[in-house]
Amino acid sequence: MEVLPDDVRALLKKEFEKLKDNVHIWLFTGKGINDRYNEFSRKLFKELSGISKKIHLKEFSLKSKKARELNIETSPTILINPEKYHIMFQGAPLGEEGRSLVSSIIMVSHGHGILGKESVSRLTELKSSRDIMVFVSPTCPYCPQQVGYAVSAAIEVPDRVSVRIVEIYENRELADKFNVVSVPQTVVNGNVVATGIQPEDAFIDSLFSGAPVEMQIAPSTKEIIKKDLLIVGSGPAGLTAAIYAERSGLKTVVIEKGSIGGQVAVTPVVENYPGYTRIPGKVLMDMMAQQALQYTEIRQGEEVLQIRRTKKGLFHIKTSSNRYETRAVILATGAEHRRLGVPGEKRFLGRGVSYCATCDGYFFKDGKKVIMVGGGNSAVTEALYLNSIGVDVTLVHRRDALRAEARLQENIKERNIPILYNTVVEEIIGERVVSAVRLRDLKKKESYVMNVNGVFIAIGYEPVNTLAKKLKLKLTDDGYIVVDDRQRTSMPGVYACGDVTGGIKQIVTAVGQGSVAAITVFEDLMNPYWKGKGDFE
């Protein structure tokens, strides 16, 4: 039985036609150790080598002389062009790891990665070696970007940078050593430098410092990039706005500090987007991004740090990598997960506390006990996902009834997922990682401790409004950006769309607002409504 579906095989055939140099894959396996993952890896690479004659597979046993020479002890272990680079995958390349593997093969074949020229130049200044480990899981949509940076570094300076991509489930001992419960987690020379994806500049900085780094405003020495419109955020609203803006003739750039797709990209399944009865959120957003890329430029891993309007009505924008001058700005910054605000929540973030079941649930798949806090659609959807992959999950809700859609509640009953009603979390307990929670029964007015391995939280969202506050835009009492029916904010030339504006938070409403915002920008730039009102004159 083949492991690659026909559509994926066709796509890879097209991509692999562009391969430049031969890529040599060394696969190390040990009998009786992760046998089903070994077999998957073996079949995968045989199929890949069948798709392209430039991909060559060699197999070795963990007991072989070569394994001893290279100190390889885990199965399966994959090396890519090991005679030239130090690029290792520990664990079978399933799911999102498969994307990372294919990207790595393409980069190795061409001899360069995805890092910008400035980053590559900085890497050549490394005085000593760097051993990078990126911990990943098959269900983490954020991981491929971080893996891409790490593999790129190993390609650009192979004499000083080595990289290991470690799948947490198949390599529990190593994951436990670094207290990995959330991915991606990046370790440099034995020190944890980041939990989550990093902007490119921060990734390079962490290679030099060997420690977590804070984002800083880039020096204003680069040539200014001039555009008609800059969009902050690449969720459904931002991507739709970009498509409509470019089709209207506006030169547009989308800036995204994190992963493309926003909250939708980590939604296990979307069942209410017209045209699709059931589609993974990541797949839906990949399709939107591919369409947007046909028209506009998306700069991923770049963070907008400062926006300033001039007396002439232009906007000067500083990011972590560049400077821009634009005629208008659309804020599609979305919303972030609301915190519980209880002791232990911040301390154990990435150590058992998570706001993304899709990203981190895989670690708990072998029957580990977790709670999912919340009672809305998001909490119930993620609880169902956790249950489907083998996690022992209990819903904790502060009210006496769930707020989720009836269909989702029916699914909860069918799966026999326990629900603790009228219950709140008072404290998250543990030493290195989460080991328990203190819960309070609001009816009985009693507190008690429940032993758990993880705490997943889905209690709503708060607007990402840092830039809006810096611009002194009018906000609601809850911090959402106030807009009119054409997505205009209180500042001429600045528009907002999507979850950052509050209201109904659905993909379809975000898409609609994105299109309205872009069309309004076009019309306003043609006929500025603010002329004669004292602004920009």
# chains A, B, ... in the order shown; residues from 1 in each chain; ligands from 1
>>> select_by_dssp(residues="range 53-114 of chain A", states="strand (DSSP E)", output="list in words")
Ile55, His56, Leu57, Lys58, Glu59, Phe60, Ser61, Thr77, Ile78, Leu79, Ile80, Ile87, Met88, Phe89 and Gln90 of chain A
>>> closest_atom_pairs(of="range 331-387 of chain A", to="range 394-409 of chain A", cutoff="7 Å", atoms="only C-alpha atoms", output="JSON lines")
{"residue": "A:Val370", "atom": "CA", "partner": "A:Thr394", "partner_atom": "CA", "distance": 6.5}
{"residue": "A:Ile371", "atom": "CA", "partner": "A:Thr394", "partner_atom": "CA", "distance": 4.8}
{"residue": "A:Met372", "atom": "CA", "partner": "A:Leu395", "partner_atom": "CA", "distance": 4.8}
{"residue": "A:Val373", "atom": "CA", "partner": "A:Val396", "partner_atom": "CA", "distance": 4.8}
{"residue": "A:Gly374", "atom": "CA", "partner": "A:His397", "partner_atom": "CA", "distance": 5.1}
{"residue": "A:Gly375", "atom": "CA", "partner": "A:Leu402", "partner_atom": "CA", "distance": 4.7}
{"residue": "A:Gly376", "atom": "CA", "partner": "A:Ala404", "partner_atom": "CA", "distance": 4.3}
{"residue": "A:Asn377", "atom": "CA", "partner": "A:Ala404", "partner_atom": "CA", "distance": 4.4}
{"residue": "A:Val380", "atom": "CA", "partner": "A:Leu408", "partner_atom": "CA", "distance": 6.7}
>>> write_last_selection(atoms="C-alpha atoms", output="PDB file, in the first residue's frame")
ATOM      1  CA  VAL A 370      -5.913  16.731  30.369  1.00  0.00           C
ATOM      2  CA  ILE A 371      -8.668  19.255  30.924  1.00  0.00           C
ATOM      3  CA  MET A 372     -10.137  21.563  28.297  1.00  0.00           C
ATOM      4  CA  VAL A 373     -11.368  24.797  29.864  1.00  0.00           C
ATOM      5  CA  GLY A 374     -14.318  26.435  28.115  1.00  0.00           C
ATOM      6  CA  GLY A 375     -17.813  25.750  26.884  1.00  0.00           C
ATOM      7  CA  GLY A 376     -18.082  27.357  23.464  1.00  0.00           C
ATOM      8  CA  ASN A 377     -17.567  26.028  19.951  1.00  0.00           C
ATOM      9  CA  VAL A 380     -15.839  21.650  22.384  1.00  0.00           C
TER      10      VAL A 380
END
>>> atom_distance(atom1="CA of Phe178 in chain A", atom2="CA of Thr124 in chain A")
28.3 Å
>>> atom_distance(atom1="CA of Asn22 in chain A", atom2="CA of Asp159 in chain A")
20.1 Å
>>> residues_around(residues="Pro144 in chain A", least_positions_apart="2", cutoff="8 Å", atoms="only C-alpha atoms", output="JSON, numbers by chain")
{"A": [96, 97, 99, 100, 141, 142, 146, 147, 148]}
>>> write_last_selection(atoms="N, CA and C atoms", output="tab-separated table (two decimals), in the first residue's frame")
chain	number	residue	atom	x	y	z
A	96	GLU	N	2.64	17.44	9.24
A	96	GLU	CA	3.37	18.68	8.98
A	96	GLU	C	4.88	18.45	8.87
A	97	GLU	N	5.37	17.38	9.51
A	97	GLU	CA	6.80	17.06	9.39
A	97	GLU	C	7.14	16.64	7.97
A	99	ARG	N	5.86	18.04	5.34
A	99	ARG	CA	6.08	19.32	4.65
A	99	ARG	C	7.49	19.82	4.90
A	100	SER	N	7.92	19.72	6.16
A	100	SER	CA	9.27	20.17	6.51
A	100	SER	C	10.33	19.36	5.76
A	141	PRO	N	1.02	23.19	12.76
A	141	PRO	CA	1.14	23.96	11.53
A	141	PRO	C	2.19	25.06	11.59
A	142	TYR	N	2.64	25.40	12.81
A	142	TYR	CA	3.65	26.44	12.96
A	142	TYR	C	5.07	25.90	12.78
A	146	GLN	N	9.69	27.23	11.45
A	146	GLN	CA	10.87	27.21	12.32
A	146	GLN	C	11.89	26.20	11.82
A	147	VAL	N	11.41	25.04	11.35
A	147	VAL	CA	12.30	24.04	10.76
A	147	VAL	C	13.00	24.61	9.54
A	148	GLY	N	12.26	25.36	8.74
A	148	GLY	CA	12.85	25.97	7.54
A	148	GLY	C	14.02	26.88	7.87
>>> closest_residue(among="A:Ala153, A:Leu349, A:Ala202, A:Leu314", to="Arg432 in chain A", atoms="only C-alpha atoms")
A:Leu349
>>> closest_atom_pairs(of="range 82-157 of chain A", to="range 183-193 of chain A", cutoff="8 Å", atoms="only C-alpha atoms", output="JSON lines")
{"residue": "A:Arg130", "atom": "CA", "partner": "A:Asn189", "partner_atom": "CA", "distance": 6.0}
{"residue": "A:Asp131", "atom": "CA", "partner": "A:Asn189", "partner_atom": "CA", "distance": 5.1}
{"residue": "A:Ile132", "atom": "CA", "partner": "A:Val188", "partner_atom": "CA", "distance": 4.7}
{"residue": "A:Met133", "atom": "CA", "partner": "A:Val187", "partner_atom": "CA", "distance": 5.0}
{"residue": "A:Val134", "atom": "CA", "partner": "A:Thr186", "partner_atom": "CA", "distance": 4.5}
{"residue": "A:Phe135", "atom": "CA", "partner": "A:Gln185", "partner_atom": "CA", "distance": 5.1}
{"residue": "A:Val136", "atom": "CA", "partner": "A:Pro184", "partner_atom": "CA", "distance": 5.2}
{"residue": "A:Ser137", "atom": "CA", "partner": "A:Val183", "partner_atom": "CA", "distance": 6.9}
{"residue": "A:Cys140", "atom": "CA", "partner": "A:Val183", "partner_atom": "CA", "distance": 7.0}
{"residue": "A:Tyr142", "atom": "CA", "partner": "A:Pro184", "partner_atom": "CA", "distance": 7.0}
{"residue": "A:Cys143", "atom": "CA", "partner": "A:Pro184", "partner_atom": "CA", "distance": 5.3}
{"residue": "A:Gln146", "atom": "CA", "partner": "A:Pro184", "partner_atom": "CA", "distance": 7.2}
>>> residues_around(residues="Val108 in chain A", least_positions_apart="3", cutoff="12 Å", atoms="only C-alpha atoms", output="PyMOL selection string")
chain A and resi 19-25+54-55+79-82+84-87+101-105+111-114+148+151-156+158
>>> closest_residue(among="A:Ser388, A:Gly334, A:Gly430, A:Val511", to="Gly479 in chain A", atoms="only C-alpha atoms")
A:Gly334
>>> residues_around(residues="Ile51 in chain A", least_positions_apart="4", cutoff="10 Å", atoms="only C-alpha atoms", output="CSV table (one decimal) with N, CA and C atoms, in the first residue's frame")
chain,number,residue,atom,x,y,z
A,9,ARG,N,1.2,13.0,-4.8
A,9,ARG,CA,2.3,12.5,-5.7
A,9,ARG,C,2.4,13.4,-6.9
A,10,ALA,N,1.3,13.8,-7.5
A,10,ALA,CA,1.3,14.7,-8.6
A,10,ALA,C,1.9,16.0,-8.3
A,12,LEU,N,4.1,16.6,-5.9
A,12,LEU,CA,5.6,16.4,-5.6
A,12,LEU,C,6.3,16.2,-6.9
A,13,LYS,N,5.7,15.5,-7.9
A,13,LYS,CA,6.4,15.3,-9.2
A,13,LYS,C,6.6,16.6,-9.8
A,14,LYS,N,5.7,17.5,-9.7
A,14,LYS,CA,5.9,18.9,-10.3
A,14,LYS,C,6.9,19.6,-9.6
A,16,PHE,N,9.4,18.4,-7.7
A,16,PHE,CA,10.7,17.8,-7.8
A,16,PHE,C,11.4,17.9,-9.2
A,17,GLU,N,10.6,18.3,-10.2
A,17,GLU,CA,11.2,18.6,-11.5
A,17,GLU,C,12.1,19.7,-11.4
A,45,PHE,N,10.3,7.1,1.5
A,45,PHE,CA,11.5,7.4,0.7
A,45,PHE,C,11.6,6.6,-0.6
A,46,LYS,N,11.1,5.4,-0.5
A,46,LYS,CA,11.2,4.6,-1.8
A,46,LYS,C,10.2,5.3,-2.8
A,47,GLU,N,9.1,5.8,-2.3
A,47,GLU,CA,8.2,6.4,-3.2
A,47,GLU,C,8.8,7.8,-3.7
A,55,ILE,N,16.7,11.8,-6.1
A,55,ILE,CA,16.6,11.5,-4.7
A,55,ILE,C,17.0,10.0,-4.6
>>> closest_residue(among="A:Gly503, A:Gly514, A:Gly313, A:Gly249", to="Met491 in chain A", atoms="only C-alpha atoms")
A:Gly313
>>> select_by_dssp(residues="range 18-160 of chain A", states="helix (DSSP H, G or I)", output="ChimeraX atom specification")
/A:35-51,65-69,96-110,117-123,143-156
>>> atom_distance(atom1="CA of Met285 in chain A", atom2="CA of Glu167 in chain A")
24.3 Å
>>> decode(residues="range 51-164 of chain A", atoms="C-alpha atoms", output="short mmCIF file (atom, residue, chain, number, x, y, z; two decimals), in the first residue's frame")
data_model
loop_
_atom_site.label_atom_id
_atom_site.label_comp_id
_atom_site.auth_asym_id
_atom_site.auth_seq_id
_atom_site.Cartn_x
_atom_site.Cartn_y
_atom_site.Cartn_z
CA ILE A 51 9.14 10.22 -8.22
CA SER A 52 12.55 11.84 -8.83
CA LYS A 53 15.79 10.24 -10.00
CA LYS A 54 17.65 12.94 -8.08
CA ILE A 55 16.58 11.45 -4.73
CA HIS A 56 18.68 8.48 -3.61
CA LEU A 57 17.96 6.29 -0.58
CA LYS A 58 20.44 4.25 1.49
CA GLU A 59 19.31 2.15 4.43
CA PHE A 60 21.33 1.30 7.53
CA SER A 61 20.67 -0.68 10.68
CA LEU A 62 21.15 0.92 14.09
CA LYS A 63 23.66 -1.89 14.67
CA SER A 64 25.70 -0.94 11.59
CA LYS A 65 29.19 0.48 11.65
CA LYS A 66 27.89 3.66 10.04
CA ALA A 67 25.35 4.16 12.85
CA ARG A 68 28.10 3.75 15.44
CA GLU A 69 30.39 6.17 13.58
CA LEU A 70 27.66 8.81 13.51
CA ASN A 71 26.44 8.06 17.05
CA ILE A 72 22.89 7.38 15.87
CA GLU A 73 20.76 5.62 18.47
CA THR A 74 17.12 6.43 17.63
CA SER A 75 14.84 4.83 15.07
CA PRO A 76 13.90 6.03 12.57
CA THR A 77 16.62 8.62 11.97
CA ILE A 78 16.98 10.39 8.64
CA LEU A 79 20.04 12.22 7.34
CA ILE A 80 19.96 14.48 4.29
CA ASN A 81 23.16 14.78 2.23
CA PRO A 82 25.19 13.73 5.28
CA GLU A 83 28.53 13.98 3.50
CA LYS A 84 27.99 17.72 3.07
CA TYR A 85 25.46 18.86 5.68
CA HIS A 86 24.49 18.05 9.27
CA ILE A 87 20.71 17.78 8.83
CA MET A 88 18.91 15.10 10.83
CA PHE A 89 15.25 14.18 11.30
CA GLN A 90 14.60 12.03 14.38
CA GLY A 91 11.23 10.39 13.87
CA ALA A 92 8.99 9.55 10.94
CA PRO A 93 8.07 12.58 8.77
CA LEU A 94 4.30 12.40 9.26
CA GLY A 95 1.82 15.23 8.72
CA GLU A 96 3.37 18.68 8.98
CA GLU A 97 6.80 17.06 9.39
CA GLY A 98 6.37 15.74 5.87
CA ARG A 99 6.08 19.32 4.65
CA SER A 100 9.27 20.17 6.51
CA LEU A 101 11.07 17.19 4.98
CA VAL A 102 10.03 18.01 1.41
CA SER A 103 11.06 21.65 1.89
CA SER A 104 14.42 20.49 3.25
CA ILE A 105 14.99 18.21 0.25
CA ILE A 106 14.28 21.08 -2.13
CA MET A 107 16.54 23.48 -0.23
CA VAL A 108 19.40 20.98 -0.07
CA SER A 109 19.10 20.29 -3.79
CA HIS A 110 19.48 23.99 -4.56
CA GLY A 111 22.15 24.63 -1.94
CA HIS A 112 20.37 27.52 -0.26
CA GLY A 113 17.43 28.05 2.04
CA ILE A 114 14.73 30.57 2.87
CA LEU A 115 16.81 33.00 4.94
CA GLY A 116 17.30 36.51 3.59
CA LYS A 117 20.65 37.86 2.40
CA GLU A 118 21.23 39.84 5.59
CA SER A 119 20.61 36.77 7.76
CA VAL A 120 22.96 34.65 5.65
CA SER A 121 25.62 37.34 5.91
CA ARG A 122 25.27 37.40 9.69
CA LEU A 123 25.57 33.60 9.87
CA THR A 124 29.00 33.74 8.26
CA GLU A 125 30.13 35.74 11.30
CA LEU A 126 29.53 32.82 13.69
CA LYS A 127 32.83 32.06 15.43
CA SER A 128 31.89 28.68 16.90
CA SER A 129 29.58 25.75 16.18
CA ARG A 130 25.84 25.72 16.84
CA ASP A 131 23.82 22.56 17.40
CA ILE A 132 20.14 23.34 16.79
CA MET A 133 17.29 21.11 17.87
CA VAL A 134 13.73 21.91 16.83
CA PHE A 135 11.09 19.81 18.58
CA VAL A 136 8.02 19.24 16.41
CA SER A 137 4.86 17.16 16.03
CA PRO A 138 2.89 15.97 12.97
CA THR A 139 -0.07 18.22 13.81
CA CYS A 140 1.80 21.49 14.38
CA PRO A 141 1.14 23.96 11.53
CA TYR A 142 3.65 26.44 12.96
CA CYS A 143 6.58 24.01 12.98
CA PRO A 144 7.58 23.97 9.27
CA GLN A 145 8.53 27.65 9.35
CA GLN A 146 10.87 27.21 12.32
CA VAL A 147 12.30 24.04 10.76
CA GLY A 148 12.85 25.97 7.54
CA TYR A 149 14.97 28.56 9.33
CA ALA A 150 17.04 25.90 11.12
CA VAL A 151 17.68 23.78 8.03
CA SER A 152 18.54 26.91 6.05
CA ALA A 153 21.17 27.84 8.62
CA ALA A 154 22.71 24.36 8.36
CA ILE A 155 22.85 24.71 4.57
CA GLU A 156 24.35 28.20 4.55
CA VAL A 157 27.15 27.51 7.06
CA PRO A 158 27.54 23.71 7.15
CA ASP A 159 30.89 23.89 8.91
CA ARG A 160 29.35 25.64 11.93
CA VAL A 161 25.66 24.72 12.12
CA SER A 162 24.05 21.32 12.62
CA VAL A 163 20.32 20.75 12.99
CA ARG A 164 18.13 18.01 14.42
#
